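Student: Handing you this structure, nothing more for now.
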Amino acid sequence: MDAIRSSVAAMATFTIKPAAATFSATIEGLDVRDLDGESEAAVMQAMDTYRVLVFRNQDLTPDDQKRFSERFGPLVRVPYVKPLDDHPEVIAVLKEADEVNVSTFGSWWHSDFSYLEEPPTYSILHARELPPVGGDTLFADMIGACEALSPGLRATLDGLKVMHSGHIYGAKLADTGEQGRMRSVEVATGDPDADVERAHPMLRYHRPTGRHALFANPTYTTRFAGMTPDESKGLLDYLYTHATQPRLTWRQVWQPGDLLMWDNRAVLHLAVNDYDGYRRLLHRTTAGSEIPIGTPDQQGTA
Ligand code: SIN
């Protein structure tokens with residue numbers, strides 16, 4: 001990793017500083033509106049290395065954010081979530097000050113829309129209005145988690161598929177009742193297309209690095225393919241506990257102007273809902289998508 005870090009640093013005038021030992025980094029001294037071919041390549045390389053990047057001090061309009069995002073793949077119109085009226089590729093992740101004791105958007109560990117046939121690759125959040133305290137975003141390193149498994153468990157998981165579906169998120173939201181349901185982000189639940197189960201490899205091949213990531217999450221994964229939810233629960237719960245242990249996580253403590261970007265193929269994230277009484281607004285874009293594969297020889301199916 002040191003070699004990659006120094007070659008990245010040598011190519012550009014901005015600094016890329018690792019934020020934790022195994023994943024995540026902060027980038028300072030770069031205005032993402034001014035990327036050229038060389039700096040874009042350096043950012044892309046850093047993205048593959050660190051999986052989560054924070055670009056400090058970005059002053060962006062929604063159009064600027066879209067232009068930056070589409071460098072990493074076609075903009076994805078997020079399904080089932082109402083976008084900004086004038087920017088259908090941007091969603092407002094918002095909780096108003098008077099929304100207290102409600103669930104918030106993304107407050108359980110997940111990889112974005114992992115139940116889609118081609119889940120989105122990169123998600124990008126820009127801070128617009130932050131609470132004075134709280135409202136952090138947590139990340140779990142699923143490549144680190146995969147590589148920290150014993151050889152025996154890893155071999156057991158190799159080749160298995162897990163089923164993903166939107167319906168358990170819908171059920172969790174329904175459980176909160178009308179009073180407990182967020183108001184400012186409109187999420188459609190009960191859509192038959194979202195509620196269908198789709199199989200993805202448990203060990204997902206990460207195309208840019210050739211490494212593998214655990215690809216399951218408690219928001220959308222229902223069971224192992226060919227097993228019942230009850231049979232699957234013990235092992236899935238073990239894997240979530242393993243993957244979210246503190247040494248494999250990193251916490252984004254937001255600063256005004258932060259632009260945060262992550263690789264959904266390789267990390268889980270969670271919005272910490274601990275700022276009741278304050279408004280929090282972030283703009284979110286999503287770029288690129290691909291069919292998850294378990295081995296490089298499945299490349300052709302993507
Ligand atoms: C999300 O995109 O899941 C929301 C993250 C956040 O609000 O911090």
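If you're wondering about the labels, chains in the structure tokens are A, B, ... by order shown, residues count from 1 in each chain, ligands from 1 in order shown.
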List as a ChimeraX atom specification the protein and nucleic acid residues near A:Gln252, meaning an atom at most 10 Å away when only C-alpha atoms are counted, but skip any in the same chain fewer than 3 places from it.

Tutor: /A:19,24,26,52-54,135-139,255,258,260,271

Student: May I have a table of the residues of chain A lying at most 8 Å from ligand 1, giving each one's closest pair of atoms and their distance in Å to one decimal, counting only C-alpha atoms and all ligand atoms, ordered by chain and ascending residue number, as JSON lines?

Tutor:
```
{"residue": "A:Val93", "atom": "CA", "partner": "ligand 1", "partner_atom_place_in_ligand_line": "7 (O)", "distance": 5.9}
{"residue": "A:Leu94", "atom": "CA", "partner": "ligand 1", "partner_atom_place_in_ligand_line": "7 (O)", "distance": 7.8}
{"residue": "A:Thr104", "atom": "CA", "partner": "ligand 1", "partner_atom_place_in_ligand_line": "7 (O)", "distance": 7.8}
{"residue": "A:Phe105", "atom": "CA", "partner": "ligand 1", "partner_atom_place_in_ligand_line": "4 (C)", "distance": 5.7}
{"residue": "A:Gly106", "atom": "CA", "partner": "ligand 1", "partner_atom_place_in_ligand_line": "3 (O)", "distance": 3.8}
{"residue": "A:Ser107", "atom": "CA", "partner": "ligand 1", "partner_atom_place_in_ligand_line": "3 (O)", "distance": 6.9}
{"residue": "A:His110", "atom": "CA", "partner": "ligand 1", "partner_atom_place_in_ligand_line": "3 (O)", "distance": 7.5}
{"residue": "A:Asp112", "atom": "CA", "partner": "ligand 1", "partner_atom_place_in_ligand_line": "3 (O)", "distance": 7.0}
{"residue": "A:Ser123", "atom": "CA", "partner": "ligand 1", "partner_atom_place_in_ligand_line": "2 (O)", "distance": 7.2}
{"residue": "A:Leu125", "atom": "CA", "partner": "ligand 1", "partner_atom_place_in_ligand_line": "2 (O)", "distance": 7.2}
{"residue": "A:Gly135", "atom": "CA", "partner": "ligand 1", "partner_atom_place_in_ligand_line": "8 (O)", "distance": 6.8}
{"residue": "A:Asp136", "atom": "CA", "partner": "ligand 1", "partner_atom_place_in_ligand_line": "8 (O)", "distance": 6.2}
{"residue": "A:Thr137", "atom": "CA", "partner": "ligand 1", "partner_atom_place_in_ligand_line": "8 (O)", "distance": 4.4}
{"residue": "A:Leu138", "atom": "CA", "partner": "ligand 1", "partner_atom_place_in_ligand_line": "8 (O)", "distance": 7.6}
{"residue": "A:His269", "atom": "CA", "partner": "ligand 1", "partner_atom_place_in_ligand_line": "3 (O)", "distance": 6.6}
{"residue": "A:Leu270", "atom": "CA", "partner": "ligand 1", "partner_atom_place_in_ligand_line": "5 (C)", "distance": 6.0}
{"residue": "A:Ala271", "atom": "CA", "partner": "ligand 1", "partner_atom_place_in_ligand_line": "8 (O)", "distance": 4.0}
{"residue": "A:Val272", "atom": "CA", "partner": "ligand 1", "partner_atom_place_in_ligand_line": "8 (O)", "distance": 6.8}
{"residue": "A:Leu282", "atom": "CA", "partner": "ligand 1", "partner_atom_place_in_ligand_line": "7 (O)", "distance": 7.0}
{"residue": "A:Arg284", "atom": "CA", "partner": "ligand 1", "partner_atom_place_in_ligand_line": "2 (O)", "distance": 6.9}
```

Student: Please identify all polymer residues within 12 Å of stretch 226-237 of chain A, counting only C-alpha atoms, omitting same-chain residues fewer than 2 positions from it, and present them as a VMD selection string.

Tutor: chain A and resid 153 156 to 157 160 to 164 168 199 202 214 to 224 239 to 244
